[in-house]
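This report refers to the structure that appears directly beneath it.
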There are 4 protein chains.
Amino acid sequence: MHDIVIKNGHIITSDGVFIADLAIDGETIAAMGLDLKGRRVIDASECYVLPGGVDPHVHLQMALAGRVSTDSFESGTVAAACGGTTTVIDFVEPKPGQSMLEALAQRQEEADGHVAIDYGLHMSIPTWHAAADERLAEVPASVDAGCATFKMYQAYDGMILDDVSLLRAMQAVGASGGRVVLHSETGPVLDLLRAQALEDGHIEPIWHERTRPARLEATAVHRASELAYQAECPLYVFHVGCTESVAEVVAAKVRDVEIHAETCPQYLLLTAHDHLDGPDGQLYVCAPPLRDHDDQDALWQALADGDLDVVSTDHCPWTRAEKDQPDFTQIPGGVPSIEARLSLVHHFGVNEGRLTPERWVEVCATNPARLMGLTRKGVLAPGYDADVVIFDPLRAKTISTDTLHEAADWTPYEGLTVEGWPRTVLSRGRVIVENERFMGALGEGRFVPRALES
Amino acid sequence: MHDIVIKNGHIITSDGVFIADLAIDGETIAAMGLDLKGRRVIDASECYVLPGGVDPHVHLQMALAGRVSTDSFESGTVAAACGGTTTVIDFVEPKPGQSMLEALAQRQEEADGHVAIDYGLHMSIPTWHAAADERLAEVPASVDAGCATFKMYQAYDGMILDDVSLLRAMQAVGASGGRVVLHSETGPVLDLLRAQALEDGHIEPIWHERTRPARLEATAVHRASELAYQAECPLYVFHVGCTESVAEVVAAKVRDVEIHAETCPQYLLLTAHDHLDGPDGQLYVCAPPLRDHDDQDALWQALADGDLDVVSTDHCPWTRAEKDQPDFTQIPGGVPSIEARLSLVHHFGVNEGRLTPERWVEVCATNPARLMGLTRKGVLAPGYDADVVIFDPLRAKTISTDTLHEAADWTPYEGLTVEGWPRTVLSRGRVIVENERFMGALGEGRFVPRALES
Amino acid sequence: MHDIVIKNGHIITSDGVFIADLAIDGETIAAMGLDLKGRRVIDASECYVLPGGVDPHVHLQMALAGRVSTDSFESGTVAAACGGTTTVIDFVEPKPGQSMLEALAQRQEEADGHVAIDYGLHMSIPTWHAAADERLAEVPASVDAGCATFKMYQAYDGMILDDVSLLRAMQAVGASGGRVVLHSETGPVLDLLRAQALEDGHIEPIWHERTRPARLEATAVHRASELAYQAECPLYVFHVGCTESVAEVVAAKVRDVEIHAETCPQYLLLTAHDHLDGPDGQLYVCAPPLRDHDDQDALWQALADGDLDVVSTDHCPWTRAEKDQPDFTQIPGGVPSIEARLSLVHHFGVNEGRLTPERWVEVCATNPARLMGLTRKGVLAPGYDADVVIFDPLRAKTISTDTLHEAADWTPYEGLTVEGWPRTVLSRGRVIVENERFMGALGEGRFVPRALES
Amino acid sequence: MHDIVIKNGHIITSDGVFIADLAIDGETIAAMGLDLKGRRVIDASECYVLPGGVDPHVHLQMALAGRVSTDSFESGTVAAACGGTTTVIDFVEPKPGQSMLEALAQRQEEADGHVAIDYGLHMSIPTWHAAADERLAEVPASVDAGCATFKMYQAYDGMILDDVSLLRAMQAVGASGGRVVLHSETGPVLDLLRAQALEDGHIEPIWHERTRPARLEATAVHRASELAYQAECPLYVFHVGCTESVAEVVAAKVRDVEIHAETCPQYLLLTAHDHLDGPDGQLYVCAPPLRDHDDQDALWQALADGDLDVVSTDHCPWTRAEKDQPDFTQIPGGVPSIEARLSLVHHFGVNEGRLTPERWVEVCATNPARLMGLTRKGVLAPGYDADVVIFDPLRAKTISTDTLHEAADWTPYEGLTVEGWPRTVLSRGRVIVENERFMGALGEGRFVPRALES
């Protein structure tokens, strides 16, 4: 007699979809089988049963230039939970003079007691940090503390690593068994193009895209992949949004670079022409920028073919007021999707025939768990954490700030009706969402130390 | 209380490897879980537990030019079972004047009552058959009878389909929801090159390879893939053995052809130079021919990358006496590996770091099951057939005709010691191999109707 | 004191364009230089001076199914001359039972005494001929007789060579130092598609294109290039008209095939949508068929990049009455452009910035002369035949059947005004066109034996 | 009656090789023709007659870190002349605070009166210069002064332009109708690898190559080509020496970058393994470094195919004593070949069947003249400068410091016997080398202003 049995669902694994029961004992999946018995039974007939979503790229209550991103650990993780995501990975950003472990402790303190679901943290290596040998020497300690993935930037004052710093940091991470997660753009060149556009009087949001040519973005991926090869360091490229960067990821694999990459809903579903160039263009500023329909086709195809591995969100919302700025260079970047991710990819991916259900689960849960070292997440199998989503593929849901649990006063998907939404969500055996209502408790989520496969 | 529980094995699925128990009730997998209880318990500690191997390309007691291939349904399926393969797919070859269903019934009659494991049958469409409209009209009936895969040849008198026949046959198969499985070589051109070589006095086995240039092989794959595209018919290319053909398969995918492909142990492990050109060269004649070490690297890489989907055997042995012929054109083609396939791919693939354990299982069981429409095979999950292999990865086994159950008086792998061998094998819940001894019964295997995913 | 001096022209060579005089003595170019003196002086100020055009692919008074192509040797060569072409290469088509040399003599008899300009002849190897060893044995004699290029077809009853015949014929040609010029389409497959279209009731001219998919055309190029590689025989692909075939030509070069290729004005300037699918669609039936605008871009780019070598015409006109047929399969194929070729390529190539003047001359004269073994043609240099065109790049000329010298009662370019037209044309030192008027004499042209570079 | 007639030579142009006479009046080619008459007649029977070589990349008496490169303008240009090169292009390197025109005047002063042949100058844009807007504003004046090509570096302290500086400088050059000539390596990353190698105790010359991975070199070409695309500035890549960089050049062309590239004899003929790793390894230090035999094959093929345009020398010799340094990072880089270039490319290119004679002349004379704006050089045609080489293709010459006119006390080609050497060389109508003896006068060479085609 198991604690909980989820009955008759269509269980999705990488091997396929099959009807069976899923049993949970305590925090753990105990069995998948036929006719399992439980003290509590949850019917999942006509529903998919899948591992809880893993979103490896979120920015909750992130401080940036005097502002804080709109979703707190509370609102952000509740929204994630309601959307079927049971693990998020956020960031530690050490301040000047601060050690990695100090910064980690501080960030954990901000999250612990506030999060509705489990979370991990990427360790950022900012400009000053990469320049300091004693700071790079902390990399192994960060790995030991469960932060085995290191965020680096090829753009942004204060964060940017030039090629030399990037190589040195990659060498340190590679030697410690970590993985780099990378914001890959050619920052300084873009800064020049942005300044020249402003000089020419261009202030509209669409210039955000025009001053970040896709071809230049691809050069950043190209050089980073070769530096990673030199450093013998695994590389994971964040938020790939254009055909040219996909091509560089594929080419790097052919050249034996250990490289993986993600995209995000905004790149799959929004375009520069339709959104950045529209009346509320400022809302859609994010970096890298939105691109075109051709790029969307390339991204979906790459997800289907295995050239891209993950759909994350890069969830980083700001309010309408914060987005309202005198020119495109001053708009804080980022768009929200932490809650709708699973459903968006299901609706536009599975329902449109672009992805199989298995692939949907791989890119939203299994792959990010594996690549980020969440060894007990992302898979439905005995012994894994009982993070489970019961997903009703026929549920029509209209996305709106009225119904979402995200804190921002807008969403790119306002008014969009998707078919398929999570009905019930379990986090380590606890039912935290039931019939689309959040039933969990803030603080029940935990920091999850992550360890990469050797 | 289950009928059988396999305890503590390292269960391999596409999602990963995890330690759990596997429960079987009757012929079916009942559960994967922790602490499962069974009337019979089989310990699998320190062993892999995987779905029974699926070999989609075997030729048992195949009549060819007055001879019969060495392994009967009895010896062949016992050998397969002992090597961890629980399903094979053989061929129906309609004779002139014979309908597909008559030929199918006749072939089933030859197998039923003799096979130790389950089997399926590909329906061959020979030259005369493709030319007859009323014969192509039987394709839907063959699909309905569980033969949804149709073997076609681009070579060999009596079997060859020229481009027009191939297109017509593919149109028929595509329209019926079937799949073509193809021997892809440029037969008539090779016949000319062979005749010219003989005229020039070349009789040695190595000329088998020299008169079948890899580049020409690739042109056959190229044209077949484009004909399949025109016909809107899924294509599966048999026994890809050279870099050039792999490249054509990859290129066809980029051109949106629905194409899959397999290779075989002989192409992964043997070479023209080392084997065809050696003292017993005649033994190693098979078509397409063995190639070089570079090709082997390309094949392994393609398996790892997903460019090739399956390792089958094309098991088609002949005795040393039958292989002894006056010139290379008269040697019956084919080599054996039905028993050692799983272990060879484990030893040279997994142990050498070329394939993960998951990928090993995918190419040897999961993928061939899925591509060939074996909807209850190839996966360990509740509700699937309880075809299970307990595989000891540390068992050192020396391959030899003395220990193999194959009937031929030679093996290409004589004296080779591999690390990893199946200890126990179950077919639909029956233990047919225990501690490497065959414990099953001839005739317990069944014909399995196959249905492709739409 | 030279016989003729052409003064002050912009002489075009592959090395560039420079202003100088060109001197002619007898039939031969005597000098290029400054301030040359001549008994006769022709002013070429503001004009290009270029070698006479070489059209390596024309069908004059070609017998086909009871009809004869519209232009006779008389009308066709006068039209060519007026358009700046001073050498054409037509075809010998041996009849069953007829030897190559007999057929050559017969074809020369038809032309000699009638041609206004020099001509060469490709030797066709029809189906029956390729099957007969004693006929292939004549290949060296044909080479010796100045027919070193051999036309082969991968389509058309009576002409088609299957892969084996093609390889045998290529072996014969390769061994004799010849070159194959190839009509590359997958004839039998197209015949099936055509029959199926007719069965479905499709009779309109556009079905000529729909039943000849570009992808299948490319497979013909692919296999032919690999057979040529096996045969060690140089290959020249006629009338490449689609992106896919260009790609195969390029890929073959990378694979070290000795391959060259041409396109024609109709593929550069007309499209299936605009012409085949229009009210006079039947006029535009030619094989391979017209394609799309994207293909035109690819062809121009390939000409500029050196991936295609030549613009020929495949001039093969029929009257409007002959083109008027009950269904697309019965329309005789071919369109005219023998007169306008140079000007069309100048207007749409040079004037549009797609080709340099040097490249224009290379593809219209220098390259076809070199590739076809016209060792004294296609170049302005001392010692070469004095075949010279004085071309006024600013002359606006409206193309029309009223002004053309072609015999057909229509032209695809009716009403089109091009900028640039030949003013004066010399053939072996004789002025045969002066101020756009034909001043030559029928019969002054000669058969030119051709010898390929070893 | 012409001043000079070169009789009966095999004149090489891009259109082919033909036997004719070449007439010279004053400094200019007057005619090519048959039976030309001259006051002075030079017999060229059995010899090639070609335009004087153009070496667009030499460093004569270049100051570097307190040393001066071994060849002065005197010795360097005499050596060039004796080797059949009649124009060299050297460099202007403005010092901090110095304007381009001042630096140009100073460099001309160093050369004028000392050079045996004509010369041009590339304008270098060093680090400090690129950072100064008023210096970049001088670009148009440099173009007007005949220095239309601008040398930039992606490596070396003092010279390196980071991506932003490179883009700004390219924008300035592109807007002025100039062309960038680029040393393309990832300087700062290499500096790190060099420092790390030294730390690890590696001082041998082979570490010069090991710390400059070809893959990283290619990333420099990649990014530079994309920056050039952004800047709409033509790019010419100096001294391409590895397969990876060739591939990036080819890929950039496909992406519509206006890019050209050269290689040098040392990359075609020497290898890291045979030379850098040998007993005199220090002599062979140059940057980019020597690579492997595979790279040589790729370079030759790229020259033949048109993927590379030019063979220059990057002639920059140092004495044995100067090359003798305590570790590989202190060795001054550069090797000599200014004298043997034409003969080396003839011997290993033409005689080995890798290049046609026409292509040899194109890459050694015609292309560098055209790409560098030498509008009167590099072609044999009336009106061009009478820079002419009479080259005896059968002359066996053993290369040695004893016979070369270069100043260095070593040559990489010591003891090598090549077949083919210049017999007689004319510079603007003056015979400056006769029967391999220098007959010219220092100071007769002139600065040649260069203007690029628009």
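Scheme for the structure tokens: letters A, B, ... for chains in order shown; per-chain residue numbers from 1; ligand numbers from 1 in order shown.
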
Please, which residues in chain B fall within 6 Å of chain C when counting only C-alpha atoms, and what is the closest atom pair and distance in Å to one decimal for each, ordered by chain then residue number, as a tab-separated table?
```
residue	atom	partner	partner_atom	distance
B:Val164	CA	C:Val189	CA	5.2
B:Val189	CA	C:Val164	CA	5.2
B:Thr219	CA	C:Arg223	CA	5.8
B:Arg223	CA	C:Thr219	CA	5.8
```

Quiz item: If you run DSSP on this backbone, which residues of range 67-302 of chain A come out as alpha helix (DSSP H), and could you give them as number ranges by chain?
Solution: A: 73-82, 100-111, 127-130, 133-136, 139-144, 163-175, 187-199, 206-210, 214-231, 243-254, 265-269, 293-302

- Query: CA of Leu104 in chain D and CA of Thr87 in chain D are how many Å apart?
  - Reply: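 Separating CA of Leu104 in chain D from CA of Thr87 in chain D is a distance of 17.7 Å.
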
Do you know which residues are at most 7 Å from Arg354 in chain D counting only C-alpha atoms, after dropping those on the same chain fewer than 2 positions away, and could you put them as a CSV table (one decimal) with N, CA, C and O atoms, in the first residue's frame?
```csv
chain,number,residue,atom,x,y,z
D,300,TRP,N,47.0,24.3,-51.3
D,300,TRP,CA,47.2,24.1,-52.7
D,300,TRP,C,45.9,24.0,-53.4
D,300,TRP,O,45.6,24.6,-54.5
D,304,ALA,N,44.2,26.4,-56.3
D,304,ALA,CA,43.7,25.9,-57.6
D,304,ALA,C,42.2,26.2,-57.8
D,304,ALA,O,41.8,26.6,-58.9
D,349,GLY,N,54.1,23.9,-57.7
D,349,GLY,CA,52.7,24.0,-58.1
D,349,GLY,C,52.5,23.5,-59.6
D,349,GLY,O,51.8,22.5,-59.8
D,350,VAL,N,53.1,24.2,-60.5
D,350,VAL,CA,52.9,23.9,-61.9
D,350,VAL,C,53.6,22.5,-62.2
D,350,VAL,O,52.9,21.6,-62.8
D,352,GLU,N,54.3,20.1,-60.4
D,352,GLU,CA,53.6,19.0,-59.7
D,352,GLU,C,52.1,18.8,-60.1
D,352,GLU,O,51.4,17.9,-59.6
D,356,THR,N,47.8,25.2,-63.0
D,356,THR,CA,48.1,25.5,-64.4
D,356,THR,C,49.1,26.6,-64.5
D,356,THR,O,49.2,27.4,-63.5
```

**OP:** Identify, on the basis of only C-alpha atoms, every residue whose closest approach to range 93-99 of chain A does not exceed 10 Å; exclude the query and any residue fewer than 6 positions from it along the same chain; express the result as a list in words.
**Re:**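 Once the adjacent positions are removed, what remains is Met62, Ala63, Ala105, Gln106, Arg107, Leu121, His122, Met123, Ser124, Ile125, Pro126, Thr127, Trp128, His129, Ala132, Glu134, Arg135, Leu136, Glu138, Ser142, Lys151, Gly158 and Met159 of chain A.
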
### Distance query Arg194 in chain C at most 10 Å, only C-alpha atoms, self and fewer than 6 positions along chain excluded, as a count of residues only
12

- request: For Val363 in chain A, work out the shell of residues within 6 Å, counting only C-alpha atoms and skipping chain neighbours fewer than 3 positions away, then give it as an NGL selection string.
  value: :A and (309-311 or 360 or 367)

Could you list, as a ChimeraX atom specification, every residue within 6 Å of Pro56 in chain C, counting only C-alpha atoms and ignoring same-chain residues fewer than 5 positions away? /C:88-89,312

Enumerate, as a list in words, the complete set of residues in range 282-391 of chain A that a backbone-based DSSP assignment places in strand (DSSP E or B).
->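 Written out, the strand (DSSP E or B) residues of range 282-391 of chain A are Val310, Val311, His315, Val335, Asp385, Val388, Val389, Ile390 and Phe391 of chain A.
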